[in-house]
Amino acid sequence: MKTLTNRQKEVLDFIASFIREHAYPPTIRETADRFSISVKGAYDHVKAIEKKGFLRLGENRSRSIELLGRDRPERSVVELPLLGAVAAGKPIFADENFAGAVHVPADIVRSQSCFALSVRGDSMKDAGIYHGDIAVIEQRQTADNGEIVVAMIDDAVTLKRFFRENNRVKLVAENPAYAPIYTQDVRILGRLRGIIRKY
């Protein structure tokens, strides 16, 4: 395995610490912003690190950096219940909604009561959340403005960004193809703690 330059080591350390903190990798743009360099410059650094065998860069996804070997953060894992595509009209925690279990890094969950939810659709793609991802959700009934939450509206469950307005709640998709949802009758089931993605 080839030796990294000082700047490549700094970039690799940033990527590793970002993954430890967020449970998903930074985008090339976030890496560029961190070092005040161009997006192309950041991409060139990441590709050079990949050629030296320290990481793998996936194609066609904005968050697709995977650390390899000894630079992969060592983590303990916990098992969470995985909820499948939740049927309308049934309580989210009803037995028929359980699709098994998923193992997630313990530092995402910490000491909170959490569950995992299969993401369906592309309404949150601009937040880096894609169809097929596993969302790790902290079970709670309140949320702050701007947080991504799992909300129940008319027996349907949705993953959206939460905003409280004067006499209503606005749930916003991270995809301009979807209009915001305005409601006065919403139940918060939890807030997003992290995303697990398999390649």
# chains A, B, ... in the order shown; residues from 1 in each chain; ligands from 1
call {"tool": "select_by_dssp", "arguments": {"residues": "stretch 25-182 of chain A", "states": "helix (DSSP H, G or I)", "output": "count of residues only"}}
result
34
call {"tool": "residues_around", "arguments": {"residues": "stretch 163-177 of chain A", "least_positions_apart": "4", "cutoff": "7 Å", "atoms": "only C-alpha atoms", "output": "number ranges by chain"}}
result
A: 123-127, 145-146, 181-184
call {"tool": "write_last_selection", "arguments": {"atoms": "N, CA, C and O atoms", "output": "PDB file, in the first residue's frame"}}
result
ATOM      1  N   SER A 123     -38.341  10.923  -2.465  1.00  0.00           N
ATOM      2  CA  SER A 123     -38.738  12.260  -2.011  1.00  0.00           C
ATOM      3  C   SER A 123     -37.673  12.943  -1.163  1.00  0.00           C
ATOM      4  O   SER A 123     -37.719  14.157  -0.968  1.00  0.00           O
ATOM      5  N   MET A 124     -36.678  12.195  -0.665  1.00  0.00           N
ATOM      6  CA  MET A 124     -35.640  12.801   0.183  1.00  0.00           C
ATOM      7  C   MET A 124     -34.257  12.691  -0.454  1.00  0.00           C
ATOM      8  O   MET A 124     -33.238  12.795   0.226  1.00  0.00           O
ATOM      9  N   LYS A 125     -34.207  12.541  -1.773  1.00  0.00           N
ATOM     10  CA  LYS A 125     -32.928  12.282  -2.432  1.00  0.00           C
ATOM     11  C   LYS A 125     -31.938  13.430  -2.300  1.00  0.00           C
ATOM     12  O   LYS A 125     -30.727  13.213  -2.240  1.00  0.00           O
ATOM     13  N   ASP A 126     -32.435  14.677  -2.245  1.00  0.00           N
ATOM     14  CA  ASP A 126     -31.511  15.807  -2.139  1.00  0.00           C
ATOM     15  C   ASP A 126     -30.905  15.947  -0.744  1.00  0.00           C
ATOM     16  O   ASP A 126     -29.995  16.754  -0.535  1.00  0.00           O
ATOM     17  N   ALA A 127     -31.388  15.150   0.202  1.00  0.00           N
ATOM     18  CA  ALA A 127     -30.762  15.068   1.529  1.00  0.00           C
ATOM     19  C   ALA A 127     -29.835  13.854   1.591  1.00  0.00           C
ATOM     20  O   ALA A 127     -29.344  13.501   2.656  1.00  0.00           O
ATOM     21  N   ASN A 145     -37.687  22.352  14.497  1.00  0.00           N
ATOM     22  CA  ASN A 145     -37.762  22.790  13.110  1.00  0.00           C
ATOM     23  C   ASN A 145     -36.493  22.409  12.351  1.00  0.00           C
ATOM     24  O   ASN A 145     -35.378  22.587  12.845  1.00  0.00           O
ATOM     25  N   GLY A 146     -36.694  21.872  11.146  1.00  0.00           N
ATOM     26  CA  GLY A 146     -35.580  21.505  10.291  1.00  0.00           C
ATOM     27  C   GLY A 146     -35.123  20.064  10.434  1.00  0.00           C
ATOM     28  O   GLY A 146     -34.346  19.580   9.604  1.00  0.00           O
ATOM     29  N   ILE A 181     -46.257  19.171   2.465  1.00  0.00           N
ATOM     30  CA  ILE A 181     -47.510  18.700   3.059  1.00  0.00           C
ATOM     31  C   ILE A 181     -47.828  19.609   4.235  1.00  0.00           C
ATOM     32  O   ILE A 181     -46.997  19.796   5.121  1.00  0.00           O
ATOM     33  N   TYR A 182     -49.018  20.198   4.226  1.00  0.00           N
ATOM     34  CA  TYR A 182     -49.465  21.035   5.345  1.00  0.00           C
ATOM     35  C   TYR A 182     -50.561  20.283   6.090  1.00  0.00           C
ATOM     36  O   TYR A 182     -51.480  19.750   5.465  1.00  0.00           O
ATOM     37  N   THR A 183     -50.457  20.237   7.409  1.00  0.00           N
ATOM     38  CA  THR A 183     -51.449  19.500   8.188  1.00  0.00           C
ATOM     39  C   THR A 183     -51.537  20.051   9.608  1.00  0.00           C
ATOM     40  O   THR A 183     -50.578  20.627  10.119  1.00  0.00           O
ATOM     41  N   GLN A 184     -52.688  19.867  10.199  1.00  0.00           N
ATOM     42  CA  GLN A 184     -52.858  20.182  11.615  1.00  0.00           C
ATOM     43  C   GLN A 184     -52.948  18.901  12.444  1.00  0.00           C
ATOM     44  O   GLN A 184     -52.988  18.958  13.661  1.00  0.00           O
TER      45      GLN A 184
END
call {"tool": "closest_residue", "arguments": {"among": "A:His22, A:Gln141, A:Lys51, A:Ile153", "to": "A:Asp107", "atoms": "only C-alpha atoms"}}
result
A:His22
call {"tool": "residues_around", "arguments": {"residues": "stretch 44-49 of chain A", "least_positions_apart": "2", "cutoff": "9 Å", "atoms": "only C-alpha atoms", "output": "number ranges by chain"}}
result
A: 4, 7-9, 11-12, 28, 39-42, 51-57, 65
call {"tool": "write_last_selection", "arguments": {"atoms": "N, CA, C and O atoms", "output": "PDB file, in the first residue's frame"}}
result
ATOM      1  N   LEU A   4       0.608   7.953   1.728  1.00  0.00           N
ATOM      2  CA  LEU A   4      -0.177   9.144   1.399  1.00  0.00           C
ATOM      3  C   LEU A   4       0.658  10.396   1.599  1.00  0.00           C
ATOM      4  O   LEU A   4       1.520  10.453   2.474  1.00  0.00           O
ATOM      5  N   ARG A   7      -1.390  16.099   2.560  1.00  0.00           N
ATOM      6  CA  ARG A   7      -2.738  16.568   2.253  1.00  0.00           C
ATOM      7  C   ARG A   7      -3.700  15.384   2.091  1.00  0.00           C
ATOM      8  O   ARG A   7      -4.829  15.436   2.555  1.00  0.00           O
ATOM      9  N   GLN A   8      -3.247  14.313   1.441  1.00  0.00           N
ATOM     10  CA  GLN A   8      -4.106  13.141   1.290  1.00  0.00           C
ATOM     11  C   GLN A   8      -4.438  12.537   2.655  1.00  0.00           C
ATOM     12  O   GLN A   8      -5.560  12.102   2.889  1.00  0.00           O
ATOM     13  N   LYS A   9      -3.455  12.534   3.574  1.00  0.00           N
ATOM     14  CA  LYS A   9      -3.708  12.038   4.931  1.00  0.00           C
ATOM     15  C   LYS A   9      -4.757  12.907   5.620  1.00  0.00           C
ATOM     16  O   LYS A   9      -5.664  12.394   6.290  1.00  0.00           O
ATOM     17  N   VAL A  11      -7.136  14.653   4.160  1.00  0.00           N
ATOM     18  CA  VAL A  11      -8.428  14.366   3.525  1.00  0.00           C
ATOM     19  C   VAL A  11      -8.987  13.042   4.041  1.00  0.00           C
ATOM     20  O   VAL A  11     -10.171  12.940   4.378  1.00  0.00           O
ATOM     21  N   LEU A  12      -8.140  12.024   4.134  1.00  0.00           N
ATOM     22  CA  LEU A  12      -8.584  10.723   4.627  1.00  0.00           C
ATOM     23  C   LEU A  12      -9.048  10.822   6.080  1.00  0.00           C
ATOM     24  O   LEU A  12     -10.083  10.252   6.455  1.00  0.00           O
ATOM     25  N   ILE A  28     -18.187  14.886  -2.195  1.00  0.00           N
ATOM     26  CA  ILE A  28     -16.969  15.530  -2.702  1.00  0.00           C
ATOM     27  C   ILE A  28     -17.045  17.037  -2.444  1.00  0.00           C
ATOM     28  O   ILE A  28     -16.052  17.671  -2.061  1.00  0.00           O
ATOM     29  N   VAL A  39     -14.087  21.612  -6.231  1.00  0.00           N
ATOM     30  CA  VAL A  39     -14.665  20.269  -6.232  1.00  0.00           C
ATOM     31  C   VAL A  39     -13.761  19.311  -7.010  1.00  0.00           C
ATOM     32  O   VAL A  39     -13.520  18.183  -6.587  1.00  0.00           O
ATOM     33  N   LYS A  40     -13.222  19.782  -8.130  1.00  0.00           N
ATOM     34  CA  LYS A  40     -12.309  18.934  -8.910  1.00  0.00           C
ATOM     35  C   LYS A  40     -11.061  18.598  -8.107  1.00  0.00           C
ATOM     36  O   LYS A  40     -10.569  17.462  -8.133  1.00  0.00           O
ATOM     37  N   GLY A  41     -10.550  19.576  -7.356  1.00  0.00           N
ATOM     38  CA  GLY A  41      -9.377  19.322  -6.526  1.00  0.00           C
ATOM     39  C   GLY A  41      -9.651  18.261  -5.478  1.00  0.00           C
ATOM     40  O   GLY A  41      -8.833  17.358  -5.250  1.00  0.00           O
ATOM     41  N   ALA A  42     -10.830  18.361  -4.842  1.00  0.00           N
ATOM     42  CA  ALA A  42     -11.201  17.366  -3.834  1.00  0.00           C
ATOM     43  C   ALA A  42     -11.367  15.986  -4.473  1.00  0.00           C
ATOM     44  O   ALA A  42     -10.920  14.973  -3.919  1.00  0.00           O
ATOM     45  N   LYS A  51      -6.547   5.158  -5.382  1.00  0.00           N
ATOM     46  CA  LYS A  51      -5.512   4.425  -6.123  1.00  0.00           C
ATOM     47  C   LYS A  51      -4.480   3.818  -5.178  1.00  0.00           C
ATOM     48  O   LYS A  51      -3.864   2.791  -5.491  1.00  0.00           O
ATOM     49  N   LYS A  52      -4.287   4.461  -4.024  1.00  0.00           N
ATOM     50  CA  LYS A  52      -3.321   3.947  -3.048  1.00  0.00           C
ATOM     51  C   LYS A  52      -3.938   2.909  -2.115  1.00  0.00           C
ATOM     52  O   LYS A  52      -3.270   2.407  -1.214  1.00  0.00           O
ATOM     53  N   GLY A  53      -5.239   2.605  -2.313  1.00  0.00           N
ATOM     54  CA  GLY A  53      -5.857   1.486  -1.617  1.00  0.00           C
ATOM     55  C   GLY A  53      -6.457   1.773  -0.259  1.00  0.00           C
ATOM     56  O   GLY A  53      -6.755   0.846   0.493  1.00  0.00           O
ATOM     57  N   PHE A  54      -6.683   3.060   0.064  1.00  0.00           N
ATOM     58  CA  PHE A  54      -7.219   3.388   1.376  1.00  0.00           C
ATOM     59  C   PHE A  54      -8.739   3.550   1.392  1.00  0.00           C
ATOM     60  O   PHE A  54      -9.349   3.548   2.456  1.00  0.00           O
ATOM     61  N   LEU A  55      -9.345   3.738   0.233  1.00  0.00           N
ATOM     62  CA  LEU A  55     -10.792   3.887   0.173  1.00  0.00           C
ATOM     63  C   LEU A  55     -11.291   3.445  -1.189  1.00  0.00           C
ATOM     64  O   LEU A  55     -10.510   3.213  -2.120  1.00  0.00           O
ATOM     65  N   ARG A  56     -12.616   3.326  -1.293  1.00  0.00           N
ATOM     66  CA  ARG A  56     -13.259   3.005  -2.566  1.00  0.00           C
ATOM     67  C   ARG A  56     -14.297   4.071  -2.842  1.00  0.00           C
ATOM     68  O   ARG A  56     -15.086   4.430  -1.969  1.00  0.00           O
ATOM     69  N   LEU A  57     -14.305   4.591  -4.047  1.00  0.00           N
ATOM     70  CA  LEU A  57     -15.256   5.632  -4.447  1.00  0.00           C
ATOM     71  C   LEU A  57     -16.263   5.019  -5.405  1.00  0.00           C
ATOM     72  O   LEU A  57     -15.921   4.582  -6.494  1.00  0.00           O
ATOM     73  N   ILE A  65     -18.306   7.118  -0.665  1.00  0.00           N
ATOM     74  CA  ILE A  65     -16.933   6.832  -0.262  1.00  0.00           C
ATOM     75  C   ILE A  65     -16.957   5.753   0.816  1.00  0.00           C
ATOM     76  O   ILE A  65     -17.660   5.873   1.813  1.00  0.00           O
TER      77      ILE A  65
END
call {"tool": "closest_residue", "arguments": {"among": "A:Ile19, A:Ala179, A:Leu82, A:Ala99", "to": "A:Ala135", "atoms": "only C-alpha atoms"}}
result
A:Leu82
call {"tool": "select_by_dssp", "arguments": {"residues": "chain A", "states": "strand (DSSP E)", "output": "number ranges by chain"}}
result
A: 55-57, 65-67, 77-83, 98-105, 114-118, 134-139, 148-153, 156-164, 169-172, 181-183, 187-196
call {"tool": "closest_residue", "arguments": {"among": "A:Gly58, A:Val157, A:Gly121, A:Thr31", "to": "A:Leu83", "atoms": "only C-alpha atoms"}}
result
A:Val157
call {"tool": "closest_residue", "arguments": {"among": "A:Ile134, A:Glu66, A:Arg161, A:Glu30", "to": "A:Ala16", "atoms": "only C-alpha atoms"}}
result
A:Glu66
call {"tool": "residues_around", "arguments": {"residues": "A:Ser113", "least_positions_apart": "3", "cutoff": "10 Å", "atoms": "only C-alpha atoms", "output": "list in words"}}
result
Leu80, Val109, Arg110, Ile137, Glu138, Gln139, Arg140 and Gly190 of chain A
call {"tool": "atom_distance", "arguments": {"atom1": "atom CA of A:Glu79", "atom2": "atom CA of A:Asn97"}}
result
16.7 Å
call {"tool": "atom_distance", "arguments": {"atom1": "atom CA of A:Arg63", "atom2": "atom CA of A:Asp122"}}
result
15.2 Å
call {"tool": "closest_residue", "arguments": {"among": "A:Ile108, A:Phe14, A:Ile188, A:Val136", "to": "A:Ala156", "atoms": "only C-alpha atoms"}}
result
A:Ile188
call {"tool": "atom_distance", "arguments": {"atom1": "atom CA of A:Val150", "atom2": "atom CA of A:Pro25"}}
result
22.4 Å
